[in-house]
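Undergrad: File start_33.csv follows (CSV, C-alpha atoms and all ligand atoms):
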```csv
chain,number,residue,atom,x,y,z
A,1,MET,CA,0.0,0.0,0.0
A,2,PHE,CA,2.8,2.4,0.9
A,3,LYS,CA,5.7,1.2,-1.3
A,4,LYS,CA,6.4,4.7,-2.6
A,5,ASP,CA,7.3,7.7,-0.6
A,6,LEU,CA,4.3,9.8,0.4
A,7,THR,CA,3.7,13.5,0.7
A,8,PRO,CA,0.9,14.2,3.0
A,9,GLY,CA,-2.2,16.0,1.6
A,10,ALA,CA,-4.2,18.6,3.5
A,11,LYS,CA,-4.8,18.1,7.2
A,12,SER,CA,-8.3,18.6,8.5
A,13,LYS,CA,-9.9,18.4,11.9
A,14,VAL,CA,-12.1,15.4,12.6
A,15,LYS,CA,-15.6,16.2,13.8
A,16,SER,CA,-16.2,15.1,17.3
A,17,SER,CA,-19.1,12.8,16.3
A,18,VAL,CA,-16.8,11.1,13.8
A,19,GLN,CA,-14.0,10.9,16.4
A,20,ARG,CA,-16.4,9.2,18.8
A,21,ALA,CA,-17.3,6.7,16.0
A,22,ILE,CA,-13.6,6.0,15.4
A,23,ARG,CA,-13.0,5.3,19.1
A,24,THR,CA,-15.9,2.9,19.1
A,25,LYS,CA,-14.7,1.2,15.9
A,26,VAL,CA,-11.2,0.8,17.2
A,27,VAL,CA,-12.4,-0.8,20.4
A,28,GLU,CA,-14.7,-3.1,18.5
A,29,THR,CA,-12.0,-4.2,16.0
A,30,TYR,CA,-9.3,-4.4,18.7
A,31,PRO,CA,-10.9,-5.3,22.0
A,32,LYS,CA,-7.5,-5.7,23.7
A,33,LEU,CA,-6.8,-2.0,23.0
A,34,ALA,CA,-9.8,-1.0,25.1
A,35,PRO,CA,-7.8,-0.5,28.3
A,36,TYR,CA,-5.6,2.0,26.5
A,37,ILE,CA,-8.0,3.8,24.3
A,38,ASP,CA,-8.0,6.9,26.6
A,39,GLU,CA,-4.3,7.1,26.2
A,40,ILE,CA,-4.4,6.6,22.5
A,41,ILE,CA,-7.3,8.9,21.7
A,42,PRO,CA,-7.9,11.0,24.8
A,43,LYS,CA,-11.5,12.0,25.3
A,44,LYS,CA,-11.1,15.7,24.9
A,45,SER,CA,-8.4,15.6,22.3
A,46,GLN,CA,-8.6,16.5,18.6
A,47,LEU,CA,-7.9,14.0,15.9
A,48,ASP,CA,-6.7,15.2,12.6
A,49,LEU,CA,-7.3,13.5,9.2
A,50,VAL,CA,-4.7,13.4,6.5
A,51,LYS,CA,-5.6,12.3,3.1
A,52,LEU,CA,-3.1,10.0,1.4
A,53,PRO,CA,-3.0,8.8,-2.2
A,54,ASP,CA,-5.2,5.8,-3.3
A,55,ARG,CA,-8.1,6.8,-1.1
A,56,VAL,CA,-6.3,6.2,2.2
A,57,SER,CA,-7.3,8.2,5.2
A,58,LEU,CA,-4.8,8.6,8.0
A,59,TYR,CA,-5.8,9.7,11.5
A,60,ILE,CA,-3.3,11.4,13.7
A,61,HIS,CA,-3.2,12.8,17.2
A,62,ASP,CA,-0.7,15.5,18.1
A,63,SER,CA,1.5,14.6,15.1
A,64,THR,CA,1.4,10.9,16.1
A,65,PRO,CA,0.0,8.8,13.3
A,66,LEU,CA,-2.5,6.3,14.8
A,67,PHE,CA,-4.7,4.5,12.3
A,68,TRP,CA,-5.1,4.4,8.5
A,69,GLN,CA,-8.0,3.2,6.5
A,70,HIS,CA,-8.4,2.3,2.8
A,71,MET,CA,-11.9,3.3,1.8
A,72,ASP,CA,-14.2,1.4,4.1
A,73,ASP,CA,-11.8,-1.3,5.0
A,74,PRO,CA,-10.9,-1.8,8.7
A,75,LEU,CA,-8.9,0.8,10.6
A,76,ILE,CA,-5.4,-0.5,10.6
A,77,PRO,CA,-2.9,0.7,13.3
A,78,HIS,CA,0.3,2.5,12.4
A,79,LEU,CA,3.4,0.4,13.3
A,80,LYS,CA,4.5,2.8,16.0
A,81,LEU,CA,1.1,2.2,17.7
A,82,VAL,CA,1.6,-1.5,17.3
A,83,HIS,CA,5.1,-1.2,18.9
A,84,ALA,CA,3.6,0.6,21.8
A,85,PHE,CA,0.9,-2.0,22.4
A,86,PRO,CA,2.0,-5.2,20.6
A,87,GLN,CA,0.0,-7.5,23.0
A,88,ALA,CA,-3.2,-5.9,21.8
A,89,PHE,CA,-3.0,-7.5,18.3
A,90,PRO,CA,-3.1,-11.1,17.0
A,91,ARG,CA,0.4,-12.0,15.9
A,92,LEU,CA,1.9,-14.3,13.3
A,93,ARG,CA,5.6,-14.9,12.8
A,94,ILE,CA,7.6,-15.1,9.6
A,95,ASP,CA,11.0,-16.8,9.4
A,96,ARG,CA,14.2,-14.9,9.1
A,97,GLY,CA,14.6,-15.5,5.4
A,98,ALA,CA,11.3,-13.7,4.7
A,99,ILE,CA,12.2,-10.5,6.6
A,100,ARG,CA,14.2,-8.8,3.8
A,101,PHE,CA,11.4,-9.5,1.3
A,102,VAL,CA,8.8,-8.0,3.6
A,103,LEU,CA,10.9,-5.0,4.2
A,104,SER,CA,11.2,-4.4,0.5
A,105,GLY,CA,7.5,-4.4,0.0
A,106,ALA,CA,7.0,-7.9,-1.4
A,107,THR,CA,3.8,-9.8,-1.0
A,108,LEU,CA,3.8,-12.0,2.0
A,109,MET,CA,3.5,-15.7,1.0
A,110,ALA,CA,2.4,-18.6,3.2
A,111,PRO,CA,5.8,-20.6,3.2
A,112,GLY,CA,7.4,-17.7,5.2
A,113,LEU,CA,5.0,-18.5,8.0
A,114,THR,CA,4.6,-22.3,7.8
A,115,SER,CA,8.4,-22.9,7.8
A,116,LYS,CA,10.4,-23.9,10.9
A,117,GLY,CA,11.2,-20.2,11.8
A,118,GLY,CA,7.6,-19.1,11.3
A,119,ARG,CA,4.7,-19.4,13.7
A,120,LEU,CA,0.9,-19.6,13.3
A,121,PRO,CA,-1.6,-19.6,16.1
A,122,ASP,CA,-3.3,-22.8,17.3
A,123,LYS,CA,-6.6,-23.7,15.9
A,124,GLU,CA,-8.6,-22.3,18.8
A,125,ASP,CA,-6.9,-18.9,18.2
A,126,GLU,CA,-7.0,-19.0,14.4
A,127,CYS,CA,-7.2,-15.8,12.4
A,128,LYS,CA,-9.6,-15.6,9.5
A,129,GLU,CA,-9.4,-14.0,6.1
A,130,GLY,CA,-9.9,-10.3,6.5
A,131,ASP,CA,-8.5,-10.1,10.1
A,132,VAL,CA,-5.9,-7.5,10.8
A,133,VAL,CA,-2.8,-9.1,12.2
A,134,ALA,CA,0.7,-8.0,13.3
A,135,ILE,CA,3.7,-9.8,11.8
A,136,GLU,CA,6.5,-10.7,14.0
A,137,ALA,CA,9.9,-12.0,12.7
A,138,GLU,CA,12.1,-14.8,13.8
A,139,GLY,CA,14.7,-13.6,16.2
A,140,LYS,CA,13.3,-10.1,16.5
A,141,GLU,CA,11.3,-8.4,19.2
A,142,GLU,CA,9.4,-5.8,17.3
A,143,ILE,CA,6.6,-6.2,14.8
A,144,CYS,CA,7.7,-5.6,11.1
A,145,MET,CA,4.4,-5.4,9.3
A,146,VAL,CA,0.7,-5.0,10.0
A,147,GLY,CA,-2.2,-5.6,7.6
A,148,GLN,CA,-5.2,-7.6,6.6
A,149,LEU,CA,-5.0,-11.3,5.9
A,150,LYS,CA,-5.9,-12.7,2.5
A,151,MET,CA,-6.1,-16.2,3.8
A,152,GLY,CA,-7.0,-17.7,7.2
A,153,THR,CA,-4.3,-19.2,9.3
A,154,GLU,CA,-5.8,-22.7,9.2
A,155,GLN,CA,-5.9,-22.5,5.4
A,156,MET,CA,-2.2,-21.6,5.4
A,157,LYS,CA,-1.4,-24.7,7.4
A,158,GLY,CA,-3.4,-26.8,5.0
A,159,LYS,CA,-2.2,-25.4,1.7
A,160,GLY,CA,1.3,-24.2,2.7
A,161,LYS,CA,1.3,-21.7,-0.2
A,162,GLY,CA,-0.4,-18.7,-1.6
A,163,VAL,CA,-0.7,-15.0,-0.8
A,164,VAL,CA,-1.1,-14.2,2.9
A,165,MET,CA,-0.9,-10.4,2.8
A,166,ASP,CA,-0.3,-7.7,0.2
A,167,GLY,CA,-0.6,-4.0,0.7
A,168,GLY,CA,0.4,-4.2,4.3
A,169,HIS,CA,2.2,-1.4,6.2
A,170,TYR,CA,5.8,-2.4,6.9
A,171,LEU,CA,8.9,-1.0,8.5
A,172,GLY,CA,10.5,1.6,6.3
A,173,ASP,CA,7.7,2.1,3.9
A,174,GLY,CA,6.3,5.4,2.8
A,175,LEU,CA,3.9,5.6,5.7
A,176,TRP,CA,6.6,4.8,8.2
A,177,LYS,CA,8.9,7.5,6.8
A,178,MET,CA,6.2,10.3,6.9
A,179,ASN,CA,6.8,13.0,9.4
A,180,PHE,CA,3.9,15.1,10.8
A,181,ASP,CA,5.6,17.6,13.0
B,1,MET,CA,-13.0,25.2,31.1
B,2,SER,CA,-10.7,25.5,34.0
B,3,GLY,CA,-7.6,24.6,32.1
B,4,GLU,CA,-5.7,21.9,33.9
B,5,THR,CA,-8.1,19.8,35.9
B,6,ALA,CA,-7.5,16.9,38.1
B,7,THR,CA,-11.1,15.9,38.0
B,8,ASP,CA,-10.6,14.0,34.7
B,9,ASN,CA,-8.5,11.4,36.5
B,10,VAL,CA,-10.7,8.5,37.6
B,11,PRO,CA,-9.5,7.4,41.1
B,12,GLY,CA,-7.8,4.1,41.0
B,13,VAL,CA,-6.9,4.4,37.3
B,14,SER,CA,-3.3,5.2,36.7
B,15,SER,CA,-2.9,8.1,34.4
B,16,GLU,CA,0.6,6.9,33.7
B,17,SER,CA,1.4,5.9,30.1
B,18,GLN,CA,0.9,2.2,29.4
B,19,ALA,CA,2.6,2.4,26.1
B,20,ARG,CA,6.0,0.7,25.5
B,21,ASN,CA,8.8,3.0,24.8
B,22,VAL,CA,10.6,1.7,21.8
B,23,ILE,CA,14.0,2.8,20.6
B,24,TYR,CA,14.3,3.7,17.0
B,25,CYS,CA,17.6,4.0,15.0
B,26,GLY,CA,18.7,7.5,14.6
B,27,VAL,CA,20.1,6.7,11.2
B,28,CYS,CA,17.6,4.5,9.4
B,29,THR,CA,14.6,5.1,11.7
B,30,LEU,CA,13.8,1.3,12.1
B,31,PRO,CA,14.0,-0.6,15.4
B,32,PRO,CA,17.8,-1.2,15.6
B,33,GLU,CA,17.4,-5.0,15.3
B,34,TYR,CA,16.2,-4.4,11.7
B,35,CYS,CA,19.1,-2.1,10.7
B,36,GLU,CA,20.9,-5.1,9.2
B,37,PHE,CA,18.3,-5.2,6.4
B,38,GLY,CA,19.0,-1.6,5.3
B,39,GLY,CA,21.9,-0.2,3.3
B,40,THR,CA,23.4,1.8,6.2
B,41,VAL,CA,24.3,-0.9,8.7
B,42,LYS,CA,27.8,0.5,9.5
B,43,LYS,CA,26.4,4.0,10.3
B,44,CYS,CA,23.5,2.4,12.2
B,45,GLU,CA,25.9,0.4,14.3
B,46,GLU,CA,28.1,3.4,15.2
B,47,TRP,CA,25.0,5.3,16.2
B,48,LEU,CA,23.7,2.5,18.4
B,49,GLU,CA,27.1,2.1,20.1
B,50,LYS,CA,27.2,5.8,20.9
B,51,TYR,CA,23.6,6.3,22.1
B,52,HIS,CA,22.5,2.8,23.4
B,53,PRO,CA,25.6,0.8,24.2
B,54,ASP,CA,23.6,-1.9,26.1
B,55,MET,CA,21.5,-2.6,23.1
B,56,HIS,CA,24.5,-2.4,20.8
B,57,GLU,CA,26.2,-5.1,22.8
B,58,LYS,CA,23.2,-7.3,22.6
B,59,LEU,CA,22.6,-6.9,18.9
B,60,TYR,CA,26.1,-6.9,17.6
B,61,SER,CA,27.8,-9.5,19.8
B,62,ASP,CA,29.4,-12.5,18.0
B,63,ASP,CA,26.7,-14.7,19.5
B,64,ALA,CA,23.9,-12.6,18.0
B,65,LEU,CA,25.5,-12.4,14.6
B,66,ASN,CA,26.1,-16.2,14.5
B,67,ALA,CA,22.5,-16.9,15.6
B,68,ASN,CA,21.3,-14.7,12.7
B,69,LEU,CA,23.5,-16.6,10.2
B,70,SER,CA,22.5,-20.1,11.5
B,71,ALA,CA,18.8,-19.3,10.9
B,72,LEU,CA,19.4,-19.4,7.2
B,73,SER,CA,20.6,-22.1,4.8
B,74,VAL,CA,24.0,-21.5,3.2
B,75,ASP,CA,22.3,-20.6,-0.1
B,76,ALA,CA,19.9,-18.2,1.5
B,77,GLN,CA,22.8,-16.6,3.4
B,78,LYS,CA,24.7,-16.0,0.1
B,79,ARG,CA,21.6,-14.5,-1.5
B,80,ALA,CA,21.0,-12.3,1.5
B,81,GLN,CA,24.6,-11.1,1.6
B,82,LYS,CA,24.5,-10.3,-2.1
B,83,ASP,CA,21.3,-8.3,-1.6
B,84,ALA,CA,22.8,-6.5,1.4
B,85,ALA,CA,25.9,-5.5,-0.6
B,86,LYS,CA,23.7,-4.2,-3.4
B,87,LYS,CA,21.7,-2.1,-0.9
B,88,GLU,CA,24.8,-0.8,0.7
B,89,ALA,CA,26.3,0.3,-2.6
B,90,LYS,CA,23.0,2.0,-3.5
B,91,ALA,CA,22.8,3.8,-0.2
B,92,ALA,CA,26.4,5.0,-0.6
B,93,LEU,CA,25.7,6.3,-4.2
B,94,ASN,CA,22.6,8.1,-3.0
B,95,GLU,CA,24.5,9.7,-0.2
B,96,GLN,CA,27.2,10.8,-2.6
B,97,ARG,CA,24.7,12.3,-5.0
B,98,GLU,CA,22.9,14.0,-2.1
B,99,SER,CA,26.1,15.7,-0.8
B,100,GLU,CA,27.0,16.7,-4.4
B,101,ARG,CA,23.6,18.2,-4.8
B,102,LYS,CA,23.8,20.1,-1.5
B,103,ALA,CA,27.2,21.4,-2.4
B,104,ALA,CA,25.8,22.9,-5.5
B,105,ALA,CA,22.5,24.2,-4.3
B,106,LYS,CA,22.3,27.9,-4.0
B,107,VAL,CA,20.4,29.9,-1.3
B,108,LEU,CA,19.3,33.3,-2.4
B,109,ILE,CA,18.6,36.2,-0.1
B,110,LYS,CA,16.8,38.8,-2.1
B,111,ARG,CA,15.9,42.4,-1.1
B,112,VAL,CA,12.6,43.3,-2.8
B,113,GLU,CA,11.2,46.8,-2.8
B,114,ARG,CA,7.5,46.6,-2.0
B,115,ASN,CA,6.6,50.3,-1.9
B,116,LYS,CA,8.9,53.3,-1.9
B,117,ARG,CA,11.3,52.6,0.9
B,118,LYS,CA,9.4,49.5,2.0
B,119,TYR,CA,11.3,46.3,1.7
B,120,VAL,CA,10.8,42.6,2.2
B,121,THR,CA,13.5,40.0,2.3
B,122,VAL,CA,12.9,36.8,0.4
B,123,VAL,CA,15.0,33.7,1.2
B,124,SER,CA,14.8,30.8,-1.3
B,125,GLY,CA,16.6,27.5,-1.7
B,126,LEU,CA,16.8,26.4,1.9
B,127,GLU,CA,14.7,23.3,1.3
B,128,GLU,CA,17.5,22.0,-0.9
B,129,HIS,CA,19.6,21.8,2.2
B,130,GLY,CA,17.1,19.7,4.0
B,131,LEU,CA,15.8,22.5,6.1
B,132,ASP,CA,12.2,22.9,7.3
B,133,LEU,CA,11.0,26.2,5.9
B,134,LYS,CA,8.2,26.7,8.4
B,135,LYS,CA,10.6,26.3,11.3
B,136,ILE,CA,13.1,28.7,9.9
B,137,ALA,CA,10.5,31.3,9.1
B,138,LYS,CA,9.4,31.1,12.7
B,139,GLU,CA,13.0,31.4,13.9
B,140,LEU,CA,13.6,34.4,11.6
B,141,GLY,CA,10.5,36.2,12.8
B,142,LYS,CA,11.5,35.7,16.4
B,143,LYS,CA,15.1,36.7,15.8
B,144,PHE,CA,14.3,39.9,14.0
B,145,ALA,CA,11.0,40.6,15.7
B,146,THR,CA,9.2,41.0,12.4
B,147,GLY,CA,6.7,39.2,10.3
B,148,SER,CA,8.0,36.1,8.6
B,149,SER,CA,6.2,33.4,6.7
B,150,VAL,CA,6.5,30.7,4.1
B,151,THR,CA,5.1,31.9,0.8
B,152,LYS,CA,4.4,30.1,-2.5
B,153,THR,CA,6.5,31.0,-5.6
B,154,ALA,CA,5.1,31.5,-9.0
B,155,SER,CA,6.7,28.2,-10.1
B,156,GLY,CA,4.9,26.2,-7.3
B,157,GLY,CA,7.8,26.1,-4.9
B,158,GLU,CA,8.1,27.7,-1.5
B,159,GLU,CA,10.3,30.5,-0.1
B,160,ILE,CA,10.4,32.5,3.1
B,161,THR,CA,9.3,36.2,3.1
B,162,VAL,CA,10.6,38.3,5.9
B,163,GLN,CA,9.2,41.8,6.5
B,164,GLY,CA,11.8,44.6,6.3
B,165,ASP,CA,15.3,44.9,4.8
B,166,VAL,CA,17.2,42.3,6.8
B,167,SER,CA,19.3,40.7,4.0
B,168,ASP,CA,22.6,41.2,5.7
B,169,ASP,CA,21.4,40.1,9.1
B,170,VAL,CA,19.8,37.0,7.6
B,171,TYR,CA,23.0,36.2,5.8
B,172,ASP,CA,25.0,36.4,9.0
B,173,TRP,CA,22.5,34.4,10.9
B,174,LEU,CA,22.3,31.7,8.3
B,175,THR,CA,26.0,31.2,8.0
B,176,GLU,CA,26.4,31.1,11.7
B,177,ARG,CA,23.5,28.9,12.6
B,178,TYR,CA,23.4,26.5,9.6
B,179,GLU,CA,27.1,25.8,9.1
B,180,ASP,CA,26.3,22.9,6.8
B,181,ILE,CA,25.3,25.3,4.0
B,182,PRO,CA,28.6,26.4,2.3
B,183,GLU,CA,29.0,30.1,2.7
B,184,ASP,CA,29.8,30.4,-1.0
B,185,ASN,CA,26.4,29.1,-1.9
B,186,ILE,CA,24.5,31.9,-0.2
B,187,ASP,CA,24.0,35.0,-2.4
B,188,CYS,CA,22.5,38.3,-1.5
B,189,ILE,CA,20.9,40.1,-4.3
B,190,GLU,CA,18.8,43.2,-4.7
B,191,ASP,CA,15.6,43.3,-6.7
B,192,LYS,CA,15.1,46.9,-7.8
B,193,LYS,CA,11.8,47.9,-9.2
B,194,LYS,CA,12.0,48.8,-12.8
B,195,LYS,CA,12.2,52.5,-13.2
B,196,GLY,CA,9.0,54.0,-14.5
B,197,ALA,CA,6.9,51.2,-13.2
B,198,GLY,CA,4.3,52.2,-10.7
C,1,ZN,ZN,19.5,1.8,11.6
```
Output the structure of this file as structure tokens.
Ligand SMILES: [Zn+2]
TA:
Amino acid sequence: MFKKDLTPGAKSKVKSSVQRAIRTKVVETYPKLAPYIDEIIPKKSQLDLVKLPDRVSLYIHDSTPLFWQHMDDPLIPHLKLVHAFPQAFPRLRIDRGAIRFVLSGATLMAPGLTSKGGRLPDKEDECKEGDVVAIEAEGKEEICMVGQLKMGTEQMKGKGKGVVMDGGHYLGDGLWKMNFD
Amino acid sequence: MSGETATDNVPGVSSESQARNVIYCGVCTLPPEYCEFGGTVKKCEEWLEKYHPDMHEKLYSDDALNANLSALSVDAQKRAQKDAAKKEAKAALNEQRESERKAAAKVLIKRVERNKRKYVTVVSGLEEHGLDLKKIAKELGKKFATGSSVTKTASGGEEITVQGDVSDDVYDWLTERYEDIPEDNIDCIEDKKKKGAG
């Protein structure tokens, strides 16, 4: 989604009714973020909306980017927010060999997760197609990508191949490099 | 309404931040454990050693480096190394180009006559040296206690317009404060109104 460098478009204030709706949506999509929502989007604060290319909306608070949204797709957290609250998101792990491909914007394929260095959740914690997940990496502490799954985790285990995620937000991409000060 | 209120804090709920504080590399901006995948590893390592020696020791110890290698097959290692070398060469080339460009980029300080005896000072080209125009406009306004703002140029770029004839002062201030701009690259010029016009 953000392979190219971005220049932010106009910044506008988010109406308070819209801001309330965003808060609700965030808690609904990421229930584990609920305890921290007042820290992420304080009640009396003002969110700003920045329009990005390809019909992406980015919500920022005090020059900190929080969530982005492609059209009516789910709100997806900026990686800095994921780093701040990693336990609030479902996580899958890629093997070390896949890291450099992810960081250059390649599509994430199933073998990078089903191999020895990768990790997928057990069946009772499975993630479904369309879920937003954070991608960990073998031997690393911090999350390197976040985005929507194209394939459920049980399906990945069964098939062992195919596209898992494309258009995710990864370390070093255009969104990561944007500065809002 | 009362500015800072303590009443917002619900008793029993800590107002302290629950967010993890993550260190990011001052060179490539990624978490330092990912520096190895960029083209600036050497600089990244130097930065980390200087600012976060503990983390440096952890990430760049022989054990850590060996563990990284053993996670890949010999073939994958070779490919990854080749890829890293390419990235490094690209980053070095980019850096060289960038410094050449900066060495050549001119900054113009222009005195423009607005009305009779009324002048503004227009500074252009600072963005080529990686400077934030808004920030500098603010600094200039403060420094010379005058109006100063970022304005659009006819060609779609941006420049700084300072009220008053402060060309020489701006020149001195810039050369002193932003030493990275070669002094030879800063030119002061005067934009006289054509005679007969107005
Ligand atoms: Zn780095």
Undergrad: Using all atoms listed in the file, can you tell me which of A:Pro74, A:Gly158, A:Gly117, A:Pro65 comes closest to chain B?
TA: A:Gly117
Undergrad: Can you pull out every residue within 9 Å of Leu103 (chain A), counting only C-alpha atoms, but drop anything in the same chain fewer than 6 positions away, and send it as a list in words?
TA: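 Once the adjacent positions are removed, what remains is Cys144, Met145, Tyr170, Leu171, Gly172 and Asp173 of chain A; Phe37 and Gly38 of chain B.
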Undergrad: Between B:Ser155, B:Asn21, B:Asn66, B:Thr29, which is the closest to ligand ZN 1 (chain C) once you count only C-alpha atoms and all ligand atoms?
TA: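 Using only C-alpha atoms and all ligand atoms, ligand ZN 1 (chain C) sits closest to B:Thr29.
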Undergrad: List as a PDB file with C-alpha atoms, in the coordinates of the input the protein and nucleic acid residues near Glu128 (chain B), meaning an atom at most 7 Å away when all atoms listed in the file are counted, but skip any in the same chain fewer than 3 places from it.
TA:
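Okay, around.pdb is ready:
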```pdb
ATOM      1  CA  LYS B 102      23.800  20.100  -1.500  1.00  0.00           C
ATOM      2  CA  ALA B 105      22.500  24.200  -4.300  1.00  0.00           C
ATOM      3  CA  GLY B 125      16.600  27.500  -1.700  1.00  0.00           C
TER       4      GLY B 125
END
```
Undergrad: Could you tell me, as number ranges by chain, which residues have any atom at most 12 Å from (-8.4, -19.7, 2.4), counting all atoms listed in the file?
TA: A: 110, 127-130, 149-165
Undergrad: My list of candidates is B:Ala145, B:Val41, B:Val162, B:Ala64. Which is closest to ligand ZN 1 (chain C) when distances are computed with all atoms listed in the file?
TA: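 Of all the options, B:Val41 lies closest to ligand ZN 1 (chain C).
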Undergrad: Throw together the list of residues within 10 Å of ligand ZN 1 (chain C), counting only C-alpha atoms and all ligand atoms, and drop it here as a VMD selection string.
TA: chain B and resid 24 to 48
Undergrad: Out of A:Asp131, A:Asp181, A:Glu28, A:Asp166, which residue has the shortest atom-to-atom distance to chain B when counting all atoms listed in the file?
TA: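 Of the candidates, the smallest distance to chain B is held by A:Asp181.
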Undergrad: Go through chain A residue by residue and, counting all atoms listed in the file, keep those with an atom at most 9 Å from chain B; for each kept residue give the shortest atom pair and its distance in Å to one decimal, ordered by chain and increasing number, as JSON lines.
TA:
```
{"residue": "A:Tyr36", "atom": "CA", "partner": "B:Gln18", "partner_atom": "CA", "distance": 7.1}
{"residue": "A:Glu39", "atom": "CA", "partner": "B:Ser17", "partner_atom": "CA", "distance": 7.0}
{"residue": "A:Ile40", "atom": "CA", "partner": "B:Ala19", "partner_atom": "CA", "distance": 8.9}
{"residue": "A:Lys80", "atom": "CA", "partner": "B:Val22", "partner_atom": "CA", "distance": 8.5}
{"residue": "A:Leu81", "atom": "CA", "partner": "B:Ala19", "partner_atom": "CA", "distance": 8.5}
{"residue": "A:His83", "atom": "CA", "partner": "B:Val22", "partner_atom": "CA", "distance": 6.9}
{"residue": "A:Ala84", "atom": "CA", "partner": "B:Arg20", "partner_atom": "CA", "distance": 4.4}
{"residue": "A:Phe85", "atom": "CA", "partner": "B:Ala19", "partner_atom": "CA", "distance": 6.0}
{"residue": "A:Pro86", "atom": "CA", "partner": "B:Arg20", "partner_atom": "CA", "distance": 8.6}
{"residue": "A:Asp95", "atom": "CA", "partner": "B:Ala71", "partner_atom": "CA", "distance": 8.3}
{"residue": "A:Arg96", "atom": "CA", "partner": "B:Ala71", "partner_atom": "CA", "distance": 6.6}
{"residue": "A:Gly97", "atom": "CA", "partner": "B:Leu72", "partner_atom": "CA", "distance": 6.4}
{"residue": "A:Ile99", "atom": "CA", "partner": "B:Phe37", "partner_atom": "CA", "distance": 8.1}
{"residue": "A:Arg100", "atom": "CA", "partner": "B:Phe37", "partner_atom": "CA", "distance": 6.0}
{"residue": "A:Leu103", "atom": "CA", "partner": "B:Phe37", "partner_atom": "CA", "distance": 7.7}
{"residue": "A:Gly117", "atom": "CA", "partner": "B:Ala71", "partner_atom": "CA", "distance": 7.7}
{"residue": "A:Glu138", "atom": "CA", "partner": "B:Ala71", "partner_atom": "CA", "distance": 8.6}
{"residue": "A:Gly139", "atom": "CA", "partner": "B:Asn68", "partner_atom": "CA", "distance": 7.6}
{"residue": "A:Lys140", "atom": "CA", "partner": "B:Glu33", "partner_atom": "CA", "distance": 6.7}
{"residue": "A:Glu141", "atom": "CA", "partner": "B:Glu33", "partner_atom": "CA", "distance": 8.0}
{"residue": "A:Glu142", "atom": "CA", "partner": "B:Pro31", "partner_atom": "CA", "distance": 7.2}
{"residue": "A:Cys144", "atom": "CA", "partner": "B:Tyr34", "partner_atom": "CA", "distance": 8.6}
{"residue": "A:Leu171", "atom": "CA", "partner": "B:Leu30", "partner_atom": "CA", "distance": 6.5}
{"residue": "A:Gly172", "atom": "CA", "partner": "B:Leu30", "partner_atom": "CA", "distance": 6.7}
{"residue": "A:Trp176", "atom": "CA", "partner": "B:Thr29", "partner_atom": "CA", "distance": 8.7}
{"residue": "A:Lys177", "atom": "CA", "partner": "B:Thr29", "partner_atom": "CA", "distance": 7.9}
```
Undergrad: Can those selected residues be exported to a file as a PDB file, keeping the file's coordinate frame so that it contains C-alpha atoms?
TA:
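In the end it all went to part39.pdb:
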```
ATOM      1  CA  TYR A  36      -5.600   2.000  26.500  1.00  0.00           C
ATOM      2  CA  GLU A  39      -4.300   7.100  26.200  1.00  0.00           C
ATOM      3  CA  ILE A  40      -4.400   6.600  22.500  1.00  0.00           C
ATOM      4  CA  LYS A  80       4.500   2.800  16.000  1.00  0.00           C
ATOM      5  CA  LEU A  81       1.100   2.200  17.700  1.00  0.00           C
ATOM      6  CA  HIS A  83       5.100  -1.200  18.900  1.00  0.00           C
ATOM      7  CA  ALA A  84       3.600   0.600  21.800  1.00  0.00           C
ATOM      8  CA  PHE A  85       0.900  -2.000  22.400  1.00  0.00           C
ATOM      9  CA  PRO A  86       2.000  -5.200  20.600  1.00  0.00           C
ATOM     10  CA  ASP A  95      11.000 -16.800   9.400  1.00  0.00           C
ATOM     11  CA  ARG A  96      14.200 -14.900   9.100  1.00  0.00           C
ATOM     12  CA  GLY A  97      14.600 -15.500   5.400  1.00  0.00           C
ATOM     13  CA  ILE A  99      12.200 -10.500   6.600  1.00  0.00           C
ATOM     14  CA  ARG A 100      14.200  -8.800   3.800  1.00  0.00           C
ATOM     15  CA  LEU A 103      10.900  -5.000   4.200  1.00  0.00           C
ATOM     16  CA  GLY A 117      11.200 -20.200  11.800  1.00  0.00           C
ATOM     17  CA  GLU A 138      12.100 -14.800  13.800  1.00  0.00           C
ATOM     18  CA  GLY A 139      14.700 -13.600  16.200  1.00  0.00           C
ATOM     19  CA  LYS A 140      13.300 -10.100  16.500  1.00  0.00           C
ATOM     20  CA  GLU A 141      11.300  -8.400  19.200  1.00  0.00           C
ATOM     21  CA  GLU A 142       9.400  -5.800  17.300  1.00  0.00           C
ATOM     22  CA  CYS A 144       7.700  -5.600  11.100  1.00  0.00           C
ATOM     23  CA  LEU A 171       8.900  -1.000   8.500  1.00  0.00           C
ATOM     24  CA  GLY A 172      10.500   1.600   6.300  1.00  0.00           C
ATOM     25  CA  TRP A 176       6.600   4.800   8.200  1.00  0.00           C
ATOM     26  CA  LYS A 177       8.900   7.500   6.800  1.00  0.00           C
TER      27      LYS A 177
END
```
Undergrad: Between CA of Gly167 (chain A) and CA of Ser57 (chain A), what is the distance in Å, rounded to a tenth?
TA: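 Between these atoms lies a distance of 14.6 Å.
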